[in-house]
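**Q** My questions will all concern the structure given below.
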Amino acid sequence: LYAFVLVFERIFPIVQGLSLPKASILIYGASLMLNPKFYRESYKVPHEFLALLALFLLLNILNGGLFFTERFRSLDQALFFNILSVWLIYSHNKIDPFVIRKSLYFFTLGISLVVIMSSLGIYYIEPRSGRLSINGSLPNSLGFNCVYGILFFVMIYETYKARSMQTNPNERLFLPIALLFMFAAFYILILTGSRSAFLALIGALFIFTLVKYKVSYAMFLFLIVAFIIFTIGAGGVLILRLTDTVTTAEFGGRLALIFFSLEVIQEHYLFGVGRAGYDELAELTFGRSPSPHNVFLETILYGGVPAGITLIYIMFRMVKLTIREYKFTGNIVPFILMVPIFLQALSQQLFNSKIAFLIIAFTLSLNNDYLNGKDKNKNTFINY
């Protein structure tokens with residue numbers, strides 16, 4: 001249920017301040033606590049989860065903001081809920097191995113429903129930007145949801161192929177249906193005009209085709225050209241935004257924010273200025289406090305070098321776990337999921353992305369899947 005409703009973060013809010021994912025994670029947590037096994041497994045957390053908690057404290061409490069400003073800003077509730085979801089999902093996966101992988105199926109169902117909604121005309125084109133939105137959803141978030149949905153479809157297809165799809169007529173039907181929804185999701189991605197989501201998909205598919213199928217550079221070049229031609233024909237707003245980026249270095253007005261953030265970091269790199277301190281400095285400069293739109297900059301801005309090192313450690317561990325998964329099972333999909341994660345970190349508010357934290361929980365669970373599967377069957381990818 002939680003994975004399914006992640007797509008509808010802003011599309012179907014229940015009440016002000018309570019979205020479907022927030023409501024579902026509370027129900028999910030309550031249901032887990034009814035299981036006695038949860039209490040035996042929930043305290044066995046990986047080092048990476050402790051690093052996430054440390055990062056939360058460094059960004060919100062233990063930073064230079066204690067001495068820099070007298071302002072107070074409430075704790076980052078979105079980040080706290082996302083870290084809580086990692087703990088719940090990781091603990092659940094220890095009780096029911098591979099449950100996270102199965103949950104990704106339901107996210108693809110959610111994306112499929114979004115595709116159906118858009119085909120029925122349930123969407124909105126913003127007048128000023130020309131970007132697609134669905135019932136108030138942010139175009140960039142919707143674009144990245146489409147990227148994750150497409151990559152999860154790829155993962156499901158790889159699973160079916162590993163199970164010898166040809167032996168089951170029902171499974172043979174999956175490929176054309178999946179391709180149809182993947183192209184539809186890609187079309188929605190283009191209409192959102194999200195440059196970072198588009199580049200994330202290109203990068204992920206490049207790695208997948210190069211590593212998994214050993215596609216020649218000439219063939220991949222042909223695929224990219226076809227990809228671009230389709231994009232030009234379907235999504236004028238995306239092409240305009242990409243062109244602006246190349247010709248005028250236009251990043252949605254973020255260059256001034258980047259230079260401002262670098263100046264603040266240069267002066268307060270050791271312990272940062274805290275979230276309230278950043279608000280104070282940004283309001284003096286811009287008259288408001290815009291988001292840095294870059295998690296790496298944001299982390300060092302708020303928590304200084306200790307927070308930056310903690311974030312890099314978490315990212316490094318995730319990449320290491322996905323590489324080991326590929327070496328052990330031949331499954332490259334967890335690794336290519338790191339591409340949109342890094343692009344979101346560079347261009348968006350990753351800490352607010354619930355699907356990103358589901359992928360973090362999925363990545364951390366790879367260690368348990370590895371230990372559960374290495375003595376049973378090398379290919380744990382198809383063992384569920």
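Please note that chains go A, B, ... in the order of the structure tokens, that every chain numbers its residues from 1, and that ligands are numbered from 1 in the order shown.
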Write out as JSON, numbers by chain which residues come within 7 Å of range 319-328 of chain A when counting only C-alpha atoms, dropping same-chain ones fewer than 6 positions away.
**A** {"A": [334, 335, 363, 366, 367, 378]}
**Q** I'd like the contact shell of range 341-348 of chain A - 6 Å cut-off, only C-alpha atoms, skipping same-chain residues fewer than 2 positions apart - returned as JSON, numbers by chain.
**A** {"A": [293, 294, 295, 338, 339, 350]}
**Q** Find the residues near range 105-113 of chain A: any atom within 7 Å, counting only C-alpha atoms, skip ones fewer than 6 places away on the same chain, and give them as a list of chain:residue names.
**A**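 Here the answer would be A:Ala3, A:Phe4, A:Val5, A:Val7, A:Cys146, A:Gly149, A:Phe152, A:Phe153, A:Phe181.
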**Q** So that I can check the surroundings of range 114-117 of chain A, please list as a list in words every protein, DNA and RNA residue that reaches within 7 Å of it, counting only C-alpha atoms and ignoring chain neighbours fewer than 4 positions away.
**A**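 Contacts, with the query itself left out: Gly110, Gly121, Ile122, Ala184 and Ala185 of chain A.
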**Q** Output all heavy atoms of each residue in that selection to a file, as a PDB file, in the first residue's frame.
**A**
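Contents of selection_15.pdb, as written:
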```
ATOM      1  N   GLY A 110       1.148   2.082  -9.404  1.00  0.00           N
ATOM      2  CA  GLY A 110       0.797   3.481  -9.185  1.00  0.00           C
ATOM      3  C   GLY A 110       1.131   4.343 -10.388  1.00  0.00           C
ATOM      4  O   GLY A 110       0.328   5.193 -10.806  1.00  0.00           O
ATOM      5  N   GLY A 121      -7.178  12.584 -19.716  1.00  0.00           N
ATOM      6  CA  GLY A 121      -7.221  14.041 -19.690  1.00  0.00           C
ATOM      7  C   GLY A 121      -7.147  14.649 -18.310  1.00  0.00           C
ATOM      8  O   GLY A 121      -7.403  15.849 -18.136  1.00  0.00           O
ATOM      9  N   ILE A 122      -6.783  13.835 -17.296  1.00  0.00           N
ATOM     10  CA  ILE A 122      -6.681  14.354 -15.931  1.00  0.00           C
ATOM     11  C   ILE A 122      -5.258  14.877 -15.726  1.00  0.00           C
ATOM     12  O   ILE A 122      -4.396  14.202 -15.150  1.00  0.00           O
ATOM     13  CB  ILE A 122      -7.027  13.265 -14.895  1.00  0.00           C
ATOM     14  CG1 ILE A 122      -8.398  12.664 -15.206  1.00  0.00           C
ATOM     15  CG2 ILE A 122      -7.002  13.829 -13.475  1.00  0.00           C
ATOM     16  CD1 ILE A 122      -8.769  11.494 -14.321  1.00  0.00           C
ATOM     17  N   ALA A 184       4.586   5.385 -22.349  1.00  0.00           N
ATOM     18  CA  ALA A 184       3.628   6.386 -21.864  1.00  0.00           C
ATOM     19  C   ALA A 184       4.220   7.171 -20.700  1.00  0.00           C
ATOM     20  O   ALA A 184       4.067   8.401 -20.625  1.00  0.00           O
ATOM     21  CB  ALA A 184       2.331   5.705 -21.450  1.00  0.00           C
ATOM     22  N   ALA A 185       4.913   6.470 -19.787  1.00  0.00           N
ATOM     23  CA  ALA A 185       5.556   7.154 -18.660  1.00  0.00           C
ATOM     24  C   ALA A 185       6.660   8.078 -19.155  1.00  0.00           C
ATOM     25  O   ALA A 185       6.849   9.183 -18.635  1.00  0.00           O
ATOM     26  CB  ALA A 185       6.121   6.130 -17.677  1.00  0.00           C
TER      27      ALA A 185
END
```
**Q** Provide the CA of Ile89 in chain A to CA of Tyr157 in chain A distance in Å, to one decimal place.
**A**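 CA of Ile89 in chain A sits 23.6 Å away from CA of Tyr157 in chain A.
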**Q** Select, from A:Asn60, A:Ile332, A:Tyr313, A:Lys102, the residue with the minimum atom-to-atom distance to Phe206 in chain A, counting only C-alpha atoms.
**A**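 Checking each candidate against Phe206 in chain A, we get A:Ile332 as the closest.
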**Q** Can you pull out the residues contacting Leu205 in chain A? Cut-off 9 Å, using only C-alpha atoms, and skip same-chain residues under 5 positions away; I want them as an MDAnalysis selection string.
**A** chainID A and resid 151 200 210 336
**Q** Please measure the separation of CA of Pro306 in chain A and CA of Lys44 in chain A, giving the value in Å to one decimal.
**A**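 Computing it gives 24.7 Å between the two atoms.
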